[in-house]
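This is structure20.json (JSON, C-alpha atoms).
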```json
[["chain", "number", "residue", "atom", "x", "y", "z"],
["A", 42, "MET", "CA", 7.06, 17.44, 15.90],
["A", 43, "SER", "CA", 9.78, 15.59, 17.75],
["A", 44, "LYS", "CA", 11.49, 12.61, 16.15],
["A", 45, "ILE", "CA", 10.03, 10.25, 18.76],
["A", 46, "LYS", "CA", 6.48, 11.47, 18.08],
["A", 47, "ARG", "CA", 7.14, 11.15, 14.33],
["A", 48, "ILE", "CA", 8.30, 7.55, 14.72],
["A", 49, "ILE", "CA", 5.31, 6.71, 16.92],
["A", 50, "THR", "CA", 2.95, 8.31, 14.40],
["A", 51, "PHE", "CA", 4.52, 6.26, 11.61],
["A", 52, "PHE", "CA", 4.06, 2.99, 13.51],
["A", 53, "VAL", "CA", 0.48, 3.87, 14.43],
["A", 54, "PHE", "CA", -0.23, 4.24, 10.72],
["A", 55, "VAL", "CA", 1.56, 0.96, 9.95],
["A", 56, "GLY", "CA", -0.86, -0.65, 12.39],
["A", 57, "LEU", "CA", -3.92, 1.14, 11.03],
["A", 58, "PHE", "CA", -2.98, 0.33, 7.43],
["A", 59, "SER", "CA", -2.48, -3.33, 8.42],
["A", 60, "LEU", "CA", -5.83, -3.39, 10.22],
["A", 61, "SER", "CA", -7.63, -1.93, 7.22],
["A", 62, "TYR", "CA", -5.91, -4.47, 4.94],
["A", 63, "GLN", "CA", -6.89, -7.31, 7.29],
["A", 64, "ILE", "CA", -10.53, -6.16, 7.36],
["A", 65, "GLY", "CA", -10.59, -6.11, 3.55],
["A", 66, "SER", "CA", -9.07, -9.59, 3.42],
["A", 67, "MET", "CA", -11.88, -10.94, 5.60],
["A", 68, "SER", "CA", -14.51, -9.89, 3.05],
["A", 69, "GLU", "CA", -16.75, -12.53, 1.55],
["A", 70, "VAL", "CA", -16.25, -12.49, -2.21],
["A", 71, "SER", "CA", -18.62, -14.40, -4.46],
["A", 72, "THR", "CA", -17.07, -16.77, -6.99],
["A", 73, "GLU", "CA", -18.49, -14.65, -9.81],
["A", 74, "ASP", "CA", -16.96, -11.44, -8.40],
["A", 75, "ALA", "CA", -13.66, -13.20, -7.73],
["A", 76, "LEU", "CA", -13.45, -14.55, -11.28],
["A", 77, "GLU", "CA", -14.26, -11.11, -12.67],
["A", 78, "PHE", "CA", -11.58, -9.58, -10.44],
["A", 79, "MET", "CA", -9.03, -12.19, -11.55],
["A", 80, "LYS", "CA", -9.81, -11.48, -15.19],
["A", 81, "GLU", "CA", -9.35, -7.73, -14.69],
["A", 82, "PHE", "CA", -6.21, -8.30, -12.62],
["A", 83, "GLU", "CA", -4.63, -10.51, -15.28],
["A", 84, "GLU", "CA", -5.41, -7.86, -17.92],
["A", 85, "LEU", "CA", -3.89, -5.21, -15.67],
["A", 86, "ILE", "CA", -0.61, -7.06, -15.13],
["A", 87, "GLU", "CA", -0.33, -8.33, -18.71],
["A", 88, "GLY", "CA", 2.62, -6.56, -20.22],
["A", 89, "ILE", "CA", 3.31, -4.51, -17.09],
["A", 90, "ASP", "CA", 6.93, -3.99, -16.18],
["A", 91, "ALA", "CA", 8.79, -2.62, -13.17],
["A", 92, "ILE", "CA", 8.28, 1.00, -14.27],
["A", 93, "GLY", "CA", 4.56, 0.38, -14.78],
["A", 94, "ILE", "CA", 4.25, -1.13, -11.29],
["A", 95, "PHE", "CA", 6.18, 1.80, -9.83],
["A", 96, "LEU", "CA", 4.03, 4.38, -11.63],
["A", 97, "HIS", "CA", 0.84, 2.62, -10.52],
["A", 98, "ASN", "CA", 1.97, 2.54, -6.89],
["A", 99, "LEU", "CA", 3.25, 6.12, -7.10],
["A", 100, "SER", "CA", -0.10, 7.34, -8.41],
["A", 101, "ILE", "CA", -1.76, 5.69, -5.41],
["A", 102, "SER", "CA", 0.72, 7.04, -2.86],
["A", 103, "VAL", "CA", 0.85, 10.65, -4.03],
["A", 104, "ALA", "CA", -2.74, 11.20, -2.90],
["A", 105, "MET", "CA", -1.86, 9.80, 0.52],
["A", 106, "PHE", "CA", 0.30, 12.86, 1.23],
["A", 107, "ILE", "CA", -2.70, 15.21, 0.85],
["A", 108, "PRO", "CA", -3.55, 16.59, 4.30],
["A", 109, "GLY", "CA", -6.55, 14.76, 5.72],
["A", 110, "PHE", "CA", -7.72, 13.19, 2.46],
["A", 111, "GLY", "CA", -4.60, 11.03, 2.33],
["A", 112, "ILE", "CA", -5.54, 9.21, 5.49],
["A", 113, "GLY", "CA", -8.90, 8.09, 4.11],
["A", 114, "TRP", "CA", -7.36, 7.27, 0.74],
["A", 115, "GLY", "CA", -4.67, 5.19, 2.44],
["A", 116, "PHE", "CA", -7.21, 3.22, 4.45],
["A", 117, "TYR", "CA", -9.35, 2.65, 1.36],
["A", 118, "THR", "CA", -6.29, 1.48, -0.56],
["A", 119, "ALA", "CA", -5.38, -0.92, 2.24],
["A", 120, "TRP", "CA", -8.94, -2.25, 2.47],
["A", 121, "SER", "CA", -9.24, -2.73, -1.31],
["A", 122, "THR", "CA", -5.88, -4.52, -1.43],
["A", 123, "GLY", "CA", -7.12, -6.83, 1.32],
["A", 124, "TYR", "CA", -10.34, -7.34, -0.64],
["A", 125, "ALA", "CA", -8.25, -8.27, -3.69],
["A", 126, "PHE", "CA", -6.45, -10.85, -1.55],
["A", 127, "ALA", "CA", -9.83, -12.25, -0.46],
["A", 128, "ALA", "CA", -10.88, -12.51, -4.12],
["A", 129, "ILE", "CA", -7.69, -14.34, -5.05],
["A", 130, "VAL", "CA", -8.08, -16.73, -2.11],
["A", 131, "SER", "CA", -11.68, -17.51, -3.06],
["A", 132, "VAL", "CA", -10.57, -18.87, -6.46],
["A", 133, "THR", "CA", -7.21, -20.26, -5.34],
["A", 134, "PRO", "CA", -7.93, -22.67, -2.47],
["A", 135, "ALA", "CA", -4.21, -23.38, -1.97],
["A", 136, "LEU", "CA", -3.86, -19.86, -0.54],
["A", 137, "SER", "CA", -6.66, -20.27, 2.01],
["A", 138, "ASP", "CA", -4.18, -21.21, 4.74],
["A", 139, "VAL", "CA", -1.98, -18.17, 4.08],
["A", 140, "PRO", "CA", -2.76, -15.34, 6.50],
["A", 141, "ALA", "CA", -3.35, -12.11, 4.63],
["A", 142, "LEU", "CA", -0.96, -10.16, 6.81],
["A", 143, "ALA", "CA", 1.75, -12.74, 6.18],
["A", 144, "LEU", "CA", 1.63, -11.85, 2.49],
["A", 145, "LEU", "CA", 1.91, -8.17, 3.34],
["A", 146, "TYR", "CA", 4.75, -8.57, 5.84],
["A", 147, "ALA", "CA", 6.64, -11.49, 4.29],
["A", 148, "SER", "CA", 6.90, -10.23, 0.73],
["A", 149, "PRO", "CA", 9.70, -7.68, 0.43],
["A", 150, "PHE", "CA", 7.74, -5.52, -2.04],
["A", 151, "GLY", "CA", 4.66, -5.70, 0.19],
["A", 152, "LEU", "CA", 6.72, -4.47, 3.12],
["A", 153, "MET", "CA", 8.21, -1.69, 1.00],
["A", 154, "GLU", "CA", 4.75, -0.56, -0.09],
["A", 155, "LEU", "CA", 3.48, -0.76, 3.51],
["A", 156, "VAL", "CA", 6.32, 1.48, 4.70],
["A", 157, "ALA", "CA", 5.88, 3.95, 1.81],
["A", 158, "TYR", "CA", 2.12, 4.18, 2.29],
["A", 159, "SER", "CA", 2.46, 4.50, 6.07],
["A", 160, "ILE", "CA", 4.97, 7.33, 5.63],
["A", 161, "ALA", "CA", 2.52, 9.08, 3.31],
["A", 162, "THR", "CA", -0.62, 8.65, 5.45],
["A", 163, "SER", "CA", 1.18, 9.58, 8.65],
["A", 164, "ARG", "CA", 2.53, 12.71, 6.95],
["A", 165, "SER", "CA", -1.03, 13.51, 5.85],
["A", 166, "PHE", "CA", -2.05, 13.28, 9.50],
["A", 167, "ILE", "CA", 0.81, 15.53, 10.60],
["A", 168, "LEU", "CA", -0.05, 18.13, 7.95],
["A", 169, "ILE", "CA", -3.75, 18.18, 8.81],
["A", 170, "HIS", "CA", -2.83, 18.42, 12.49],
["A", 171, "MET", "CA", -0.62, 21.42, 11.70],
["A", 172, "LEU", "CA", -3.43, 23.06, 9.72],
["A", 173, "ILE", "CA", -5.93, 22.53, 12.53],
["A", 174, "LYS", "CA", -3.49, 23.98, 15.07],
["A", 175, "LYS", "CA", -2.80, 26.84, 12.62],
["A", 176, "THR", "CA", 0.91, 26.04, 12.63],
["A", 177, "SER", "CA", 2.94, 27.28, 9.70],
["A", 178, "LEU", "CA", 3.44, 24.56, 7.12],
["A", 179, "TYR", "CA", 6.78, 26.11, 6.18],
["A", 180, "SER", "CA", 8.56, 23.97, 8.77],
["A", 181, "ALA", "CA", 7.05, 20.84, 7.20],
["A", 182, "ILE", "CA", 8.40, 21.44, 3.68],
["A", 183, "LYS", "CA", 11.81, 19.81, 4.18],
["A", 184, "PRO", "CA", 10.63, 16.73, 6.15],
["A", 185, "THR", "CA", 7.74, 16.22, 3.72],
["A", 186, "ALA", "CA", 10.09, 16.42, 0.73],
["A", 187, "ILE", "CA", 12.46, 13.94, 2.38],
["A", 188, "GLU", "CA", 9.59, 11.55, 3.10],
["A", 189, "ILE", "CA", 8.30, 11.83, -0.46],
["A", 190, "GLY", "CA", 11.81, 10.95, -1.64],
["A", 191, "ILE", "CA", 11.97, 7.95, 0.70],
["A", 192, "ALA", "CA", 8.53, 6.77, -0.46],
["A", 193, "ILE", "CA", 9.56, 7.12, -4.11],
["A", 194, "GLY", "CA", 12.76, 5.17, -3.46],
["A", 195, "LEU", "CA", 10.85, 2.38, -1.73],
["A", 196, "LEU", "CA", 8.27, 2.24, -4.51],
["A", 197, "VAL", "CA", 10.92, 2.11, -7.24],
["A", 198, "ALA", "CA", 12.73, -0.75, -5.49],
["A", 199, "GLY", "CA", 9.42, -2.45, -4.73],
["A", 200, "GLY", "CA", 8.27, -2.11, -8.35],
["A", 201, "PHE", "CA", 11.40, -3.79, -9.66],
["A", 202, "LEU", "CA", 11.19, -6.52, -7.05],
["A", 203, "GLU", "CA", 7.49, -7.13, -7.67],
["A", 204, "ASP", "CA", 8.12, -7.29, -11.43],
["A", 205, "TYR", "CA", 10.84, -9.86, -10.84],
["A", 206, "MET", "CA", 8.55, -11.93, -8.59],
["A", 207, "ILE", "CA", 5.68, -11.80, -11.11],
["A", 208, "LYS", "CA", 7.94, -12.94, -13.94],
["A", 209, "LEU", "CA", 9.43, -15.67, -11.75],
["A", 210, "SER", "CA", 5.98, -16.93, -10.77],
["A", 211, "GLN", "CA", 4.87, -16.94, -14.43],
["A", 212, "GLU", "CA", 7.94, -18.95, -15.42],
["A", 213, "THR", "CA", 7.55, -21.48, -12.62],
["A", 214, "GLY", "CA", 3.77, -21.68, -12.85],
["A", 215, "PHE", "CA", 3.19, -20.70, -9.23]]
```
Would you mind writing the file out in structure tokens?
Amino acid sequence: MSKIKRIITFFVFVGLFSLSYQIGSMSEVSTEDALEFMKEFEELIEGIDAIGIFLHNLSISVAMFIPGFGIGWGFYTAWSTGYAFAAIVSVTPALSDVPALALLYASPFGLMELVAYSIATSRSFILIHMLIKKTSLYSAIKPTAIEIGIAIGLLVAGGFLEDYMIKLSQETGF
């Protein structure tokens, strides 16, 4: 695959991931479900550190590299993250004026995760395309390994940044 086609494929998956996230964020979440989600979310982040955030995000992204399956997993992950945003908004009225995509694009760790997940899902597409065309996957080993390394680097940096932002928000009460 040419570099131009690879870049276009990446950006198509940025758009598709964003669309899936936006659809999830438009979900109607009952107050009861939102409160339950918030309780589970607070338990999940209690005591979590940068390495824990990284490992969580890594476990999500690894499956996105699986040919074919990774695309669906990526879209589900995007949708469920958007749904989580909808749940948070339903119990935090101050966030109701914040566009969901603004949170994804304006937060540095959100942008890092978006790029990492889009790399992974677009690579999944490329690999399944190669399998369907019966092209040897040997030529995809090096670019896939490089992309996995880039995704890991982004997720490590994003994990540390997200941890910092969580701790800062807990200290300031925001």
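All residues of protein, DNA or RNA that reach within 10 Å of Met171 in chain A, judged by only C-alpha atoms and not counting those fewer than 6 positions away in the chain, are Met42, Pro108, Ser165, Ser177, Leu178, Ser180 and Ala181 of chain A.
With all atoms listed in the file as the basis for measurement, A:Val70 is the residue among A:Ile48, A:Val70, A:Ile86, A:Leu144 that approaches Ala127 in chain A most closely.
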For this session: Can you work out which one of A:Ser131, A:Ser163, A:Thr213, A:Thr176 has the shortest atom-to-atom distance to Ser71 in chain A, counting all atoms listed in the file?
Result: A:Ser131
List as a PDB file with C-alpha atoms, in the coordinates of the input the protein and nucleic acid residues near Thr72 in chain A, meaning an atom at most 12 Å away when all atoms listed in the file are counted, but skip any in the same chain fewer than 5 places from it.
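Final output, out.pdb:
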```
ATOM      1  CA  GLU A  77     -14.260 -11.110 -12.670  1.00  0.00           C
ATOM      2  CA  PHE A  78     -11.580  -9.580 -10.440  1.00  0.00           C
ATOM      3  CA  MET A  79      -9.030 -12.190 -11.550  1.00  0.00           C
ATOM      4  CA  ALA A 127      -9.830 -12.250  -0.460  1.00  0.00           C
ATOM      5  CA  ALA A 128     -10.880 -12.510  -4.120  1.00  0.00           C
ATOM      6  CA  ILE A 129      -7.690 -14.340  -5.050  1.00  0.00           C
ATOM      7  CA  VAL A 130      -8.080 -16.730  -2.110  1.00  0.00           C
ATOM      8  CA  SER A 131     -11.680 -17.510  -3.060  1.00  0.00           C
ATOM      9  CA  VAL A 132     -10.570 -18.870  -6.460  1.00  0.00           C
ATOM     10  CA  THR A 133      -7.210 -20.260  -5.340  1.00  0.00           C
ATOM     11  CA  PRO A 134      -7.930 -22.670  -2.470  1.00  0.00           C
TER      12      PRO A 134
END
```
Anything within 6 Å of (0.5, 15.6, 5.7): list those residues as a PDB file with C-alpha atoms, in the coordinates of the input, counting only C-alpha atoms and sticking to the file's coordinates.
```pdb
ATOM      1  CA  PHE A 106       0.300  12.860   1.230  1.00  0.00           C
ATOM      2  CA  ILE A 107      -2.700  15.210   0.850  1.00  0.00           C
ATOM      3  CA  PRO A 108      -3.550  16.590   4.300  1.00  0.00           C
ATOM      4  CA  ARG A 164       2.530  12.710   6.950  1.00  0.00           C
ATOM      5  CA  SER A 165      -1.030  13.510   5.850  1.00  0.00           C
ATOM      6  CA  PHE A 166      -2.050  13.280   9.500  1.00  0.00           C
ATOM      7  CA  ILE A 167       0.810  15.530  10.600  1.00  0.00           C
ATOM      8  CA  LEU A 168      -0.050  18.130   7.950  1.00  0.00           C
ATOM      9  CA  ILE A 169      -3.750  18.180   8.810  1.00  0.00           C
TER      10      ILE A 169
END
```
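For the atom pair formed by CA of Val197 in chain A and CA of Phe126 in chain A, the distance is 22.4 Å, given to one decimal.
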